[in-house]
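Data block below; observations after.
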Amino acid sequence: MKPNSGTLHINIVGGGKAETYEGEYQCTAMNDRGTALSNKIVIRQSRSPMWAKEKIDVIEVREGASLVLPCNPPSGLPPPIIFWMDNLDAINETYAGYSNGTELYGDSPVGERRPIIISPKEASSSKTVLRGEVLYLECIADGLPTPIIHWTKEGGELPSHRALEINFKKTLKIIDVSESDAGKYRCMAKNYLGSSTHVISVTVKAAPYWISEPKNLILAPGEDGTLICRANGNPKPTVQWLVNGFPIENAPSDISREPMDDTIRFTKVQVSSSAVYQCNASNEHGYLLANAFVNVLAEPPRMLTPADQVYQVIANKAALLDCAYFGSPIPQVQWFKNDQGSVLHGDSYVFHDNGTLEISFSQKNDSGTYTCIATNSLGVVQNKAFLQVKDPTTILKQPLYQSVQMMGTAVFECKVKHDPSLSPTIIWLKNNEELPDDERHQASGNVLTILNVSEEDQGSYTCVVNTTLDSNSATADLAVLEFSIEYEEDQYEPGLWHHLTDVGGKHTTAHLKLSPFVNYKFRVIAVNRPLKGVQSNGPGLTYKVSWRQKVGDDEWTSVMVANVSKYIVSGTPEFSPYELKVQSFNSLGAAPEPEIVIGYSGEDLPMLAPSNVTVHVVNSTLAKVHWNPVPPKSVRGFLKGYNIYYWKQGSLIRQGKGHTEVKILNFPGDKSHGMLPGLEPFSVYKLNVRVLNGKGEGPASEDVVLKTPEGVPSSPEFLKITSPTLNSLTLQWAPPLHPNGILKGYTLKYQPINSTHELGPLVEITIPAENETNWTLKNLNYSTRYKFYLNAFTSVGAGSKLTEEAITVLDEVMVVRPVITNITSAATHANISWEFDRTDMHFYVEYEIADSKEPVDKMQINASQTSIVLKGLLPATVYRVRVIAENQAGQLRSKDERFETRPPVKEKEDAHADPEIQPMKEDDGAFGEYSDTEDHKPLKGSRTPSDGTVKKGVSDDSLVDYGEGGEGQFNEDGSFIGQYSGKKEKEAVEGNESSEAPSPVNAMNSFV
């Protein structure tokens, strides 16, 4: 035995006898839970065939008679392969065709005679074969002319995909034999003088094979279960049960176990019932062995899928959210979405036995947090999954067909639309392979440019767009042009066009040799020639174009053409298959016979519309459309599929029609139904179905009306908390943009949040929908943060929630904010000064490089401080700075101010610096260099006296401008505004920040 392995290694290289190890081997694996057995493995020593001494007699035979030479080879392991030799040379193919391995048949062409079957010799014979093996039936006949062999099965047909006639039809081979192949097979040998037959009766036996293999059982104490071991074979196999490797009748008794032939039933099992059961099904042709573990466990549920998995899927595709679990008893699994109290249900969800949740046609509004909960009698466990539904990648502008002259430029463009969170990659292919690696093919994102086009560039070019979730592609062809100039004259052969000359594709002019006294009319035709001049191999190159209908025509119709690369066959029926071939000729003869290709005459638009269009509403956003496909003949072309046209006629809530957008969903192939996802609830739609071929669409079916039921509404459009007082807050909101039904009202929930962010008791209020879009909450605690949840509901259920937070005020005193009064900057330093009257708050300064995504730097300061020096700044860089005062009630933020640090001082300037300029004093924060009055210009809104000092100023800007971040805001009258109120207005201000006029700070820090 190899260490830490179940492998048995037998080594006889060192001189051991191989026959010592012959026999049957079986592996047993055991632990304290039971014993499992492997199948039996038979080991035999390989033996070469040994010929016995034999006397070779001379065989005399009459000329023209048949001859049979028997061969009785010795046995060997593996079975020997038989070769026939003639004077120690291999028998030639003429004789080999008459060999069945152990007999050799010779035939001589002397005298015509009726066929006779020479093997098998009797009028009938029999053969037995095992199920799944290969059956060979041989029938060798004598006769002249050589008989033709034909095989049939009495009372049935030969299996078309499994029966082969080989060895000049003398052998019938049937692969993967089944019980249905049993019966009588007739071999008939026939020539014009007569026929002879032989019947072979085939019996199919079978080693045991599974019908129902026993499966492992995991049961909880007190549960019931069943093991089933069901096998078939011929003869019918016998079934024997074993427990931990011992026959069940010899195993320790178990009152919970009841064996009954091929089944064992377990009733009210206990932990002691755990064991490994073996089922052995055997007959004379073989046996089957299977292990099944009966494991009695008492286990609370546990999750096998990692927590907080993020799933991304493209809209209208299936989303599969995993929830693999284990437990005994088997847990019950339920799914919830976005912390909603109701269990997910409905036709849009598929719940798999392994816990997986499938959303067949995921939509954008399916994005969110999903919770899987597994429960049994011993406990509960849950897991969260996050679903992100992305927009599909589409090609808005496909590359177009290009027809370019030689040495010209071809440009293909592929304009793509994709989900903003996905990063697409675009690759270009030529004829579905990589582009040639040269400088002429320039792929730059969605544009492919081919310079100096040559004949080799002709082909199809494909734009392939890939994201991590989906892929899309579009193809266009590039044709490289050559020109053929033809003429018509009006004297000798008017109306007949003659080929005059060919011009390369890179030319746009030509010099022509003409005859005098002739009126010419010219035309130029752009062509692609199938053969180059060097390929014609002689003068007089022409083409023989031949065609015939694939069904109904036996004769070819042909025409000889020259100097053209296409020929139009007119008068053909619509969309009929034709066999086509084109053969080249020159004055020396014909090219090799070409291959036949199948082509179709032109398509026409489909004649009929799909009939019996019906709609089944699956849920408020999904419907299934059924139709009867059109007859194939009415398609009149290649069936590309069916298009469903659908459009919203209106809402069942609001009257009146808006802009009607017709949408189209394509279902490729011969379909008879399709799903319409993404419908709006409580709406009226119309739809029709049209068949599509390569030419276009057929007529539309009659319009069908579709009404979607009510659904749950979207969240309210916004939620604001205004008018805070000591003990009240007013909530304002707008109704949902998509009510998806008749609004019944709103559910408002709120709860306090303490200083350690713990949530207090939840209060719930139901507000009627009749024009109510605001609500005042009274008797609240002062200076307390509250969390609010607001959602609308219809008769179907509640929609998504909006969540906001706000704080009641500490007192009614006017609140002011810090004001930055002055900024003085150097190359790597800046001195920030501000004014603020309160000292009962925590203070810090935030600063960052303007318009940068780098993290914000923060410095804590004392309440008594009114200035600070920022060190370690980058030279010649614009920064943004703010002062923040904070307490439990929220934040008071100064207006953001910008300043620019100086460029670094050059060495030459340093060498001639004014000795009176002193470095900055660390204790007072003042700067020595650049201390001219230009550096002390006041900020906007401040007053500057004649001595150049800066006095306290009050900015007249609205506090709305300063509401970035933080936990809360204060209004100009001192009352507190919730952090999320005015969110959209705040974002609009921030978005325009870069368009503001330069601040006085920027002007102050410019060089002279």
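Please note that chains go A, B, ... in the order of the structure tokens, that every chain numbers its residues from 1, and that ligands are numbered from 1 in the order shown.
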Tell me which protein, DNA and RNA residues are within 7 Å of Leu344 in chain A, counting only C-alpha atoms, leaving out same-chain ones fewer than 2 positions away, and put them as a PyMOL selection string.
chain A and resi 335-336+342
Once DSSP has gone over the backbone, tell me which residues of range 766-908 of chain A are in strand (DSSP E or B), as a PyMOL selection string.
chain A and resi 766-768+774-777+785-793+798+802-807+819-825+830-835+842-849+857-861+867-870+878-887+890-893+897-900
Shell around Ala220 in chain A at 12 Å using only C-alpha atoms, local window under 3 positions removed, as JSON, numbers by chain
{"A": [217, 223, 224, 225, 266, 267, 268, 269, 270, 271, 272, 273, 274, 294, 295, 296, 297, 298, 299, 300, 327, 328, 329, 330, 331, 376, 377, 378]}
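The interatomic distance for the pair CA of Leu762 in chain A and CA of Thr747 in chain A works out to 12.4 Å.
One finds CA of Ile116 in chain A at 11.4 Å from CA of Cys187 in chain A.
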Need to verify the contact set: range 465-480 of chain A, 8 Å, only C-alpha atoms, exclusion of same-chain residues closer than 6 positions in sequence. Can you return it as number ranges by chain?
A: 312-314, 392-395, 398-406, 410, 414, 416, 422-427, 453-455, 457-459, 505, 528
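CA of Gly64 in chain A to CA of Pro147 in chain A spans 15.5 Å [interatomic distance, one decimal].
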Considering only C-alpha atoms, return as a PyMOL selection string whatever protein or nucleic-acid residues lie within 10 Å of Pro235 in chain A, sequence-local ones (same chain, fewer than 3 positions apart) excluded.
chain A and resi 205-208+232+238+282-285
Can you list, as a PyMOL selection string, every protein, DNA or RNA residue that comes within 12 Å of Leu608 in chain A when you count only C-alpha atoms, leaving out same-chain residues fewer than 3 positions away?
chain A and resi 604-605+611+628-636+689-693+697-702
Only C-alpha atoms, please: the residues just picked out, written as a PDB file, in the first residue's frame.
ATOM      1  CA  ASP A 604     -39.245  37.556 -51.107  1.00  0.00           C
ATOM      2  CA  LEU A 605     -41.074  39.024 -48.154  1.00  0.00           C
ATOM      3  CA  SER A 611     -52.028  33.472 -36.321  1.00  0.00           C
ATOM      4  CA  ASN A 628     -48.948  29.736 -34.371  1.00  0.00           C
ATOM      5  CA  PRO A 629     -45.882  29.745 -36.668  1.00  0.00           C
ATOM      6  CA  VAL A 630     -46.474  30.444 -40.353  1.00  0.00           C
ATOM      7  CA  PRO A 631     -46.262  27.548 -42.853  1.00  0.00           C
ATOM      8  CA  PRO A 632     -42.649  27.089 -44.080  1.00  0.00           C
ATOM      9  CA  LYS A 633     -43.571  27.687 -47.720  1.00  0.00           C
ATOM     10  CA  SER A 634     -45.057  31.080 -46.900  1.00  0.00           C
ATOM     11  CA  VAL A 635     -41.729  32.284 -45.456  1.00  0.00           C
ATOM     12  CA  ARG A 636     -40.276  32.509 -48.998  1.00  0.00           C
ATOM     13  CA  VAL A 689     -46.103  39.428 -34.198  1.00  0.00           C
ATOM     14  CA  ARG A 690     -44.317  39.307 -37.563  1.00  0.00           C
ATOM     15  CA  VAL A 691     -42.230  36.619 -39.206  1.00  0.00           C
ATOM     16  CA  LEU A 692     -38.772  37.578 -40.443  1.00  0.00           C
ATOM     17  CA  ASN A 693     -36.631  36.256 -43.301  1.00  0.00           C
ATOM     18  CA  GLU A 697     -40.626  41.183 -42.311  1.00  0.00           C
ATOM     19  CA  GLY A 698     -43.960  39.752 -43.287  1.00  0.00           C
ATOM     20  CA  PRO A 699     -47.340  41.294 -42.487  1.00  0.00           C
ATOM     21  CA  ALA A 700     -48.255  41.953 -38.874  1.00  0.00           C
ATOM     22  CA  SER A 701     -50.712  39.816 -36.992  1.00  0.00           C
ATOM     23  CA  GLU A 702     -53.825  41.396 -35.570  1.00  0.00           C
TER      24      GLU A 702
END
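Nearest-residue note for Asn291 in chain A: choosing from A:Val58, A:Ile596, A:Thr501, A:Gly34, the minimum distance belongs to A:Gly34, counting only C-alpha atoms.
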